Every structure is written in C-alpha cells, then in structure tokens.
Amino acid sequence: MKKMNTTRNLLAAIAIAVAMFAANLETKAAVTDTPMIVGPATWGGWAASNSCVMVPVDGQEGVYTFTGYLKANEEFKFITHTDWSGDQYMNPSSTDAYISGDGQLALNGDDNKFKVNESANYTVTVDLANLTLNVAKSAFQDSPIYYNVLYLVGGNTPGGWSLGDATQLTQDAANPYKFTAEVALTADGSFKIAVNKFGDFTQKFFYRDAADDGKVSEASAGDLQWSVASAGNYVVTVDLKAMTISIVDKEAAGIKGIAASKSTSADAYYSLSGARVSKTTKGIVFHNGKKIVNSF
C-alpha cells in the first residue's frame with residue numbers, strides 16, 4: 001500500500017510539472033508577439049488595424065509599454081494579431097473592469113475587458129511573461145496622445161510598400177507628441193506615415209499637406225506623400241502636436257551629424273557649416289534636406 005501511494009504521489013507530481021511546463025511554454029510563445037491595445041477606450045475603437053502598438057522595453061523580455069490616451073468608462077484589451085487570431089490578453093475578473101496601478105492579465109479565456117475611470121493620457125506597461133500590467137497616469141496631460149509609435153512606408157524607404165517592413169519612428173520620451181527616425185531614403189518614390197505596421201492599408205495614415213510640404217495632414221484626398229531630391233541618410237521628425245514634419249539630410253554639405261533636436265521645425269534652415277540660420281540668409285542654405293541658393 002505504501003509503495004502504491006508513493007507511485008501515485010510521484011505520478012501526481014509529474015502531472016503537475018508537465019502542466020506547469022506546458023503553461024510556461026504557452027506564455028513564452030505569446031511573448032514573441034507584439035501586443036496592441038484595442039477597444040473604444042482608444043482612438044481606433046475596435047478597428048484592429050488602428051489598434052495602438054506597444055513597444056518593447058529594452059533589456060526586459062516580454063515587457064511592453066504604451067504612452068497614450070484612454071477614454072474613461074470604455075473598454076480595452078490587448079491583441080497580438082490584427083486579424084483577431086493569436087493570443088489575446090484580457091481582464092481575469094468578470095466583475096471588476098477598472099484598473100489603476102498594478103493588475104493581472106489573463107491569457108485568452110473569457111473575453112473580459114479593462115476600463116479606466118478618468119479620461120487622460122496613461123502609461124500602460126504589460127509583462128507578458130508574468131501576466132501582469134500597470135496603468136498609471138502620464139506626466140503629459142496637455143492634450144491627448146493618440147499614437148505610441150509611427151511608421152514610414154513607401155517606395156523610397158528601405159521596406160518599400162511592405163507594412164511589415166516599415167521604418168519605425170520612435171516616440172520621444174521627453175515629448176511624446178514627437179517621433180523620430182534615421183532612415184536611408186532614395187530619390188525614387190515617396191512615403192507616407194502609417195500608425196500600425198501589423199495592420200493593413202485600411203488603417204489611418206498621415207499625409208503631406210497640400211499647401212505646405214513641412215506640414216502633416218490627416219486629409220487622405222490625393223494620397224499626398226513626401227519625396228526627397230537625392231538619396232541619402234535622413235533624420236525624419238514628426239511632431240503631431242504642431243502637425244509638422246522635418247526631413248533633414250545628414251550628409252548634405254557639412255550638416256552631417258546635426259542632432260534631431262535641432263531639426264524639429266519644418267521651418268528650420270541651415271548653413272553649409274551646419275549652423276541654423278534664417279530663411280532670408282544669403283548664399284547656400286539647406287531646408288528639409290534640399291539645397292537652396294538665396295540671392296536677395
């Protein structure tokens with residue numbers, strides 16, 4: 001009898017170990033997919049291609065973050081595929097939807113959502129390996145931050161028109177309305193700005209303003225895009241609060257190495273030495289990566 005009990009205990013321990021191993025594998029597999037926030041609490045609602053892409057935290061496997069606007073008393077959850085396949089992360093509670101501070105995530109299972117009780121900009125951090133999250137109000141509350149990351153997609157970018165290969169514009173930690181990327185652009189083709197590299201072409205895009213190349217527009221009429229006169233390495237900076245774009249050629253005649261912080265205005269002009277000058281400065285100046293000869 002003692003031997004039988006020992007065998008049963010051993011089998012039970014093995015079964016528990018196998019179940020834990022399988023659960024661990026499932027969680028680790030989920031970590032390979034980028035989470036996106038979807039639901040009417042976000043600007044994109046339930047349109048998965050407009051879901052808010054979270055970005056990985058450096059040095060922390062399976063940890064992702066989002067800084068942006070959530071609407072009070074509206075639902076949100078986390079998806080990993082814009083066709084609604086793959087893993088989803090939900091609220092483990094069916095009775096308490098509201099989250100503030102630390103909380104838990106449920107991998108798949110019942111379709112329970114989260115809510116916040118105040119409309120504001122939040123920093124949302126998820127740890128997919130440990131199935132935890134944290135939701136805290138952001139320090140930035142001047143105006144809603146709708147986008148956590150942006151992408152350049154187009155024929156003159158390294159990834160062409162493949163959304164999956166789009167060039168990421170990184171959100172500025174000190175100014176979350178601003179996004180920057182260094183990218184090799186060709187003189188052939190043009191680009192526009194996507195909001196979700198995992199979505200499709202039904203998603204929202206930002207376009208070149210019809211009246212000002214240095215302005216960003218939400219108007220899709222004409223599908224207006226940006227191009228450059230010559231191939232090179234460019235610093236592209238988008239400010240969605242000012243709705244401006246700066247495209248500065250780092251290699252052009254002595255302005256190599258200009259910091260992105262000096263190129264945040266679409267109205268910025270530079271001399272051959274890289275010094276910022278006025279629009280009316282005589283001689284050769286550079287504006288948005290293009291050479292201009294002023295002979296006033």
# chains A, B, ... in the order shown; residues from 1 in each chain; ligands from 1
call {"tool": "select_by_dssp", "arguments": {"residues": "region 31-279 of chain A", "states": "strand (DSSP E)", "output": "mmCIF file with C-alpha atoms, in the first residue's frame"}}
result
data_model
loop_
_atom_site.group_PDB
_atom_site.id
_atom_site.type_symbol
_atom_site.label_atom_id
_atom_site.label_comp_id
_atom_site.auth_asym_id
_atom_site.auth_seq_id
_atom_site.Cartn_x
_atom_site.Cartn_y
_atom_site.Cartn_z
ATOM 1 C CA MET A 36 -1.610 46.066 -29.254
ATOM 2 C CA ILE A 37 -4.312 47.897 -27.300
ATOM 3 C CA VAL A 38 -7.737 47.790 -28.918
ATOM 4 C CA CYS A 52 -2.257 51.062 -30.530
ATOM 5 C CA VAL A 53 1.040 49.230 -30.974
ATOM 6 C CA VAL A 55 6.831 48.963 -27.862
ATOM 7 C CA PRO A 56 9.295 46.611 -26.114
ATOM 8 C CA VAL A 63 7.717 43.705 -21.300
ATOM 9 C CA TYR A 64 5.982 46.298 -23.498
ATOM 10 C CA THR A 65 4.803 49.844 -22.905
ATOM 11 C CA PHE A 66 2.359 52.398 -24.319
ATOM 12 C CA THR A 67 2.018 56.098 -23.559
ATOM 13 C CA GLY A 68 -1.244 57.496 -24.828
ATOM 14 C CA TYR A 69 -4.851 58.460 -24.317
ATOM 15 C CA LEU A 70 -7.525 56.218 -22.811
ATOM 16 C CA LYS A 77 -7.898 44.679 -24.115
ATOM 17 C CA PHE A 78 -4.670 43.504 -25.742
ATOM 18 C CA ILE A 79 -4.438 41.618 -29.036
ATOM 19 C CA GLN A 88 -5.223 37.899 -26.509
ATOM 20 C CA TYR A 89 -4.700 39.305 -23.023
ATOM 21 C CA MET A 90 -7.767 40.193 -21.025
ATOM 22 C CA GLY A 101 -1.838 50.788 -10.764
ATOM 23 C CA ASP A 102 -0.814 47.130 -10.743
ATOM 24 C CA GLY A 103 -3.037 44.357 -12.042
ATOM 25 C CA GLN A 104 -3.150 40.894 -13.585
ATOM 26 C CA ALA A 106 -5.497 36.597 -18.347
ATOM 27 C CA LEU A 107 -4.065 34.831 -21.383
ATOM 28 C CA ALA A 120 -6.374 61.004 -19.602
ATOM 29 C CA ASN A 121 -3.000 60.108 -21.036
ATOM 30 C CA TYR A 122 -1.658 56.944 -19.420
ATOM 31 C CA THR A 123 1.482 54.865 -19.429
ATOM 32 C CA VAL A 124 0.452 51.222 -19.739
ATOM 33 C CA THR A 125 3.088 48.544 -19.145
ATOM 34 C CA VAL A 126 2.483 44.825 -19.636
ATOM 35 C CA ASP A 127 4.707 41.913 -18.642
ATOM 36 C CA THR A 132 0.926 41.464 -15.109
ATOM 37 C CA LEU A 133 0.196 45.060 -16.079
ATOM 38 C CA ASN A 134 0.466 48.553 -14.667
ATOM 39 C CA VAL A 135 -1.700 51.510 -15.665
ATOM 40 C CA ALA A 136 -0.596 54.940 -14.418
ATOM 41 C CA LYS A 137 -1.431 58.496 -15.460
ATOM 42 C CA VAL A 149 4.694 54.797 -32.446
ATOM 43 C CA LEU A 150 4.534 55.748 -36.133
ATOM 44 C CA TYR A 151 5.948 54.150 -39.292
ATOM 45 C CA LEU A 152 7.340 55.362 -42.620
ATOM 46 C CA VAL A 153 6.103 53.275 -45.536
ATOM 47 C CA GLY A 154 6.671 53.963 -49.219
ATOM 48 C CA THR A 167 10.599 52.099 -40.695
ATOM 49 C CA GLN A 168 9.678 52.869 -37.101
ATOM 50 C CA LEU A 169 9.510 56.444 -35.853
ATOM 51 C CA THR A 170 10.297 56.314 -32.133
ATOM 52 C CA GLN A 171 8.314 58.333 -29.610
ATOM 53 C CA ASP A 172 10.400 60.911 -27.728
ATOM 54 C CA ASN A 175 7.991 64.833 -25.654
ATOM 55 C CA PRO A 176 5.558 62.021 -26.522
ATOM 56 C CA TYR A 177 3.953 64.088 -29.293
ATOM 57 C CA LYS A 178 7.219 63.866 -31.258
ATOM 58 C CA PHE A 179 8.540 60.887 -33.251
ATOM 59 C CA THR A 180 11.951 60.474 -34.901
ATOM 60 C CA ALA A 181 13.775 58.027 -37.182
ATOM 61 C CA GLU A 182 17.022 57.973 -39.100
ATOM 62 C CA VAL A 183 16.368 56.366 -42.464
ATOM 63 C CA ALA A 184 18.021 55.861 -45.837
ATOM 64 C CA LEU A 185 15.757 57.397 -48.479
ATOM 65 C CA PHE A 191 6.425 57.814 -48.396
ATOM 66 C CA LYS A 192 3.515 58.425 -46.082
ATOM 67 C CA ILE A 193 3.089 57.710 -42.368
ATOM 68 C CA ALA A 194 1.313 54.631 -41.006
ATOM 69 C CA PHE A 205 -2.340 57.329 -42.481
ATOM 70 C CA PHE A 206 -0.824 60.776 -42.227
ATOM 71 C CA TYR A 207 -0.159 62.634 -45.476
ATOM 72 C CA ARG A 208 1.725 65.609 -46.855
ATOM 73 C CA VAL A 216 1.385 66.817 -41.761
ATOM 74 C CA SER A 217 -2.257 66.333 -42.722
ATOM 75 C CA GLY A 232 20.890 59.851 -48.539
ATOM 76 C CA ASN A 233 20.553 59.241 -44.827
ATOM 77 C CA TYR A 234 17.833 61.454 -43.413
ATOM 78 C CA VAL A 235 16.563 62.332 -39.951
ATOM 79 C CA VAL A 236 12.782 62.440 -40.120
ATOM 80 C CA THR A 237 10.991 64.096 -37.209
ATOM 81 C CA VAL A 238 7.210 64.282 -36.900
ATOM 82 C CA ASP A 239 5.507 66.478 -34.309
ATOM 83 C CA THR A 244 4.850 69.357 -38.712
ATOM 84 C CA ILE A 245 7.482 67.168 -40.346
ATOM 85 C CA SER A 246 11.212 67.776 -40.738
ATOM 86 C CA ILE A 247 13.279 65.770 -43.255
ATOM 87 C CA VAL A 248 16.966 66.628 -42.875
ATOM 88 C CA ASP A 249 19.766 65.084 -44.969
ATOM 89 C CA TYR A 269 17.239 76.378 -42.322
ATOM 90 C CA TYR A 270 20.951 75.538 -42.057
ATOM 91 C CA ARG A 276 20.870 77.254 -38.001
ATOM 92 C CA VAL A 277 20.123 80.411 -39.991
#
call {"tool": "residues_around", "arguments": {"residues": "region 45-48 of chain A", "least_positions_apart": "6", "cutoff": "12 Å", "atoms": "only C-alpha atoms", "output": "compact mmCIF listing (two decimals) with N, CA and C atoms, in the first residue's frame"}}
result
# COMPACT_ATOMS: atom_id res chain seq x y z
N PRO A 35 2.12 43.04 -28.43
CA PRO A 35 0.74 43.35 -28.03
C PRO A 35 0.30 44.71 -28.54
N MET A 36 -1.00 44.82 -28.81
CA MET A 36 -1.61 46.07 -29.25
C MET A 36 -2.88 46.29 -28.43
N ILE A 37 -3.13 47.56 -28.09
CA ILE A 37 -4.31 47.90 -27.30
C ILE A 37 -5.45 48.23 -28.25
N VAL A 38 -6.60 47.59 -28.04
CA VAL A 38 -7.74 47.79 -28.92
C VAL A 38 -9.00 47.96 -28.08
N GLY A 39 -9.94 48.72 -28.59
CA GLY A 39 -11.20 48.93 -27.89
C GLY A 39 -11.62 50.38 -27.91
N LEU A 70 -6.46 57.19 -23.04
CA LEU A 70 -7.52 56.22 -22.81
C LEU A 70 -8.77 56.97 -22.34
N LYS A 71 -9.91 56.61 -22.89
CA LYS A 71 -11.17 57.27 -22.56
C LYS A 71 -11.84 56.57 -21.38
N GLU A 74 -14.71 53.23 -20.92
CA GLU A 74 -14.78 52.48 -22.17
C GLU A 74 -13.81 51.29 -22.10
N GLU A 75 -14.09 50.25 -22.87
CA GLU A 75 -13.35 49.00 -22.77
C GLU A 75 -12.06 48.99 -23.60
N PHE A 76 -11.09 48.20 -23.11
CA PHE A 76 -9.91 47.89 -23.92
C PHE A 76 -9.34 46.55 -23.47
N LYS A 77 -8.63 45.91 -24.39
CA LYS A 77 -7.90 44.68 -24.11
C LYS A 77 -6.67 44.66 -25.02
N PHE A 78 -5.91 43.59 -25.00
CA PHE A 78 -4.67 43.50 -25.74
C PHE A 78 -4.74 42.34 -26.74
N ILE A 79 -4.46 42.65 -28.01
CA ILE A 79 -4.44 41.62 -29.04
C ILE A 79 -3.02 41.50 -29.58
N THR A 80 -2.74 40.42 -30.32
CA THR A 80 -1.41 40.22 -30.89
C THR A 80 -1.45 40.08 -32.41
N HIS A 81 -2.64 40.01 -33.00
CA HIS A 81 -2.78 39.94 -34.45
C HIS A 81 -3.99 40.77 -34.86
N THR A 82 -3.83 41.55 -35.92
CA THR A 82 -4.93 42.42 -36.33
C THR A 82 -6.03 41.69 -37.09
N ASP A 83 -5.83 40.39 -37.35
CA ASP A 83 -6.93 39.59 -37.91
C ASP A 83 -7.67 38.83 -36.81
N TRP A 84 -7.39 39.19 -35.56
CA TRP A 84 -8.04 38.63 -34.38
C TRP A 84 -7.63 37.18 -34.09
N SER A 85 -6.63 36.68 -34.81
CA SER A 85 -6.10 35.36 -34.46
C SER A 85 -5.01 35.56 -33.41
N TYR A 146 -2.44 60.20 -28.96
CA TYR A 146 -3.16 59.08 -29.55
C TYR A 146 -2.25 57.97 -30.06
N VAL A 195 0.23 54.07 -38.92
CA VAL A 195 0.10 54.01 -37.46
C VAL A 195 0.25 52.59 -36.91
N ASN A 196 0.24 51.57 -37.80
CA ASN A 196 0.33 50.19 -37.32
C ASN A 196 0.96 49.31 -38.39
N LYS A 197 2.20 48.88 -38.18
CA LYS A 197 2.90 48.05 -39.15
C LYS A 197 2.31 46.64 -39.24
N PHE A 198 1.51 46.27 -38.25
CA PHE A 198 0.89 44.94 -38.23
C PHE A 198 -0.50 44.94 -38.85
N GLY A 199 -0.97 46.13 -39.26
CA GLY A 199 -2.29 46.25 -39.84
C GLY A 199 -2.26 46.12 -41.35
N ASP A 200 -3.28 46.67 -41.99
CA ASP A 200 -3.35 46.66 -43.45
C ASP A 200 -3.58 48.08 -43.94
N PHE A 201 -3.83 48.23 -45.23
CA PHE A 201 -3.93 49.57 -45.80
C PHE A 201 -5.29 50.22 -45.60
N THR A 202 -6.15 49.59 -44.80
CA THR A 202 -7.38 50.26 -44.39
C THR A 202 -7.15 51.15 -43.18
N GLN A 203 -5.96 51.05 -42.58
CA GLN A 203 -5.67 51.83 -41.38
C GLN A 203 -5.56 53.31 -41.68
N LYS A 204 -5.46 54.12 -40.63
CA LYS A 204 -5.27 55.55 -40.78
C LYS A 204 -3.83 55.84 -41.20
call {"tool": "atom_distance", "arguments": {"atom1": "CA of Asn156 (chain A)", "atom2": "CA of Ala242 (chain A)"}}
result
24.9 Å
call {"tool": "atom_distance", "arguments": {"atom1": "CA of Ser143 (chain A)", "atom2": "CA of Tyr98 (chain A)"}}
result
22.8 Å
call {"tool": "atom_distance", "arguments": {"atom1": "CA of Gly159 (chain A)", "atom2": "CA of Gly86 (chain A)"}}
result
24.8 Å
